[in-house]
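The structure appears right after this line, and notes come after that.
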Amino acid sequence: MGLEEDFFMADADDEKTVEFIKNYLPQELKEKFVDDELYYFIDLIDEFYAESGVLDADPDADGYVVIDLEAIVDYIVKEAKSDGQGEYDPEEILFVVQGEMEYGNSLGQVD
């Protein structure tokens, strides 16, 4: 698969992830975040995974890697403020992170 096809596949997956997250969010948050914010959060989640070493972690005896959702939320809130994207409520961002995680689980990925 060529590099251009890889980017197309990643974009298509991000679109599906955003739609899943929008459906996952509680009713009071469904209108709170625009798609661009959700794409931004997905990018930050990916960045967190890459920088935190979670992708290289050894699974436990049951084959799972423990992922600290609070650490991801803290990372997103800190980076969004640092990037000038605004201040976000960690409790609201937690729903986005959980939605992204649930999307991965629905594809058979393990959290």
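Convention: chains lettered A, B, ... in structure tokens order; per-chain residue numbering from 1; ligands numbered from 1 as shown.
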Report as a PyMOL selection string all protein, DNA and RNA residues lying within 9 Å of Ile93 of chain A, evaluated on only C-alpha atoms, omitting residues in the same chain fewer than 4 positions from it. chain A and resi 41+73-74+76-77+88-89+97-98
Polymer residues at most 12 Å from Asp56 of chain A, only C-alpha atoms, same-chain spacing of 4 or more positions, as an mmCIF file with C-alpha atoms, in the first residue's frame:
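Saved file part-v6.cif follows:
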data_model
loop_
_atom_site.group_PDB
_atom_site.id
_atom_site.type_symbol
_atom_site.label_atom_id
_atom_site.label_comp_id
_atom_site.auth_asym_id
_atom_site.auth_seq_id
_atom_site.Cartn_x
_atom_site.Cartn_y
_atom_site.Cartn_z
ATOM 1 C CA TYR A 49 0.084 6.976 22.973
ATOM 2 C CA ALA A 50 3.256 7.567 20.950
ATOM 3 C CA GLU A 51 4.990 9.753 23.544
ATOM 4 C CA SER A 52 3.939 7.924 26.721
ATOM 5 C CA VAL A 65 -2.192 -3.131 28.561
ATOM 6 C CA VAL A 66 -3.421 -0.789 31.261
ATOM 7 C CA ILE A 67 -4.126 2.662 29.881
#
As a ChimeraX atom specification, please: every residue in segment 4-101 of chain A that a backbone DSSP assignment puts in alpha helix (DSSP H). /A:4-24,27-30,35-52,69-82,90-101
Which of A:Tyr39, A:Val18, A:Gln85, A:Asp68 sits closest to Val54 of chain A [using only C-alpha atoms]: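 Among the listed residues, A:Asp68 lies closest to Val54 of chain A.
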Nearest to Glu19 of chain A among A:Leu94, A:Ala61, A:Ala71, A:Leu38, with distances taken over only C-alpha atoms: which residue is it?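 Smallest separation from Glu19 of chain A among the options: A:Leu38.
Among A:Leu107, A:Glu102, A:Leu25, A:Ile72, the residue with the shortest atom-to-atom distance to Pro90 of chain A, counting only C-alpha atoms, is A:Ile72.
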For a quick check of understanding, using only C-alpha atoms, which of A:Glu92, A:Ile21, A:Glu28, A:Glu15 has the smallest distance to Ser106 of chain A? A:Ile21
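If you measure from each of A:Asp83, A:Asp43, A:Phe48, A:Glu70 to Thr17 of chain A using only C-alpha atoms, the closest one turns out to be A:Asp43.
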Grab the atom CA of Phe20 of chain A to atom CA of Asp60 of chain A distance for me, in Å with one decimal place.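 Separation between atom CA of Phe20 of chain A and atom CA of Asp60 of chain A: 28.0 Å.
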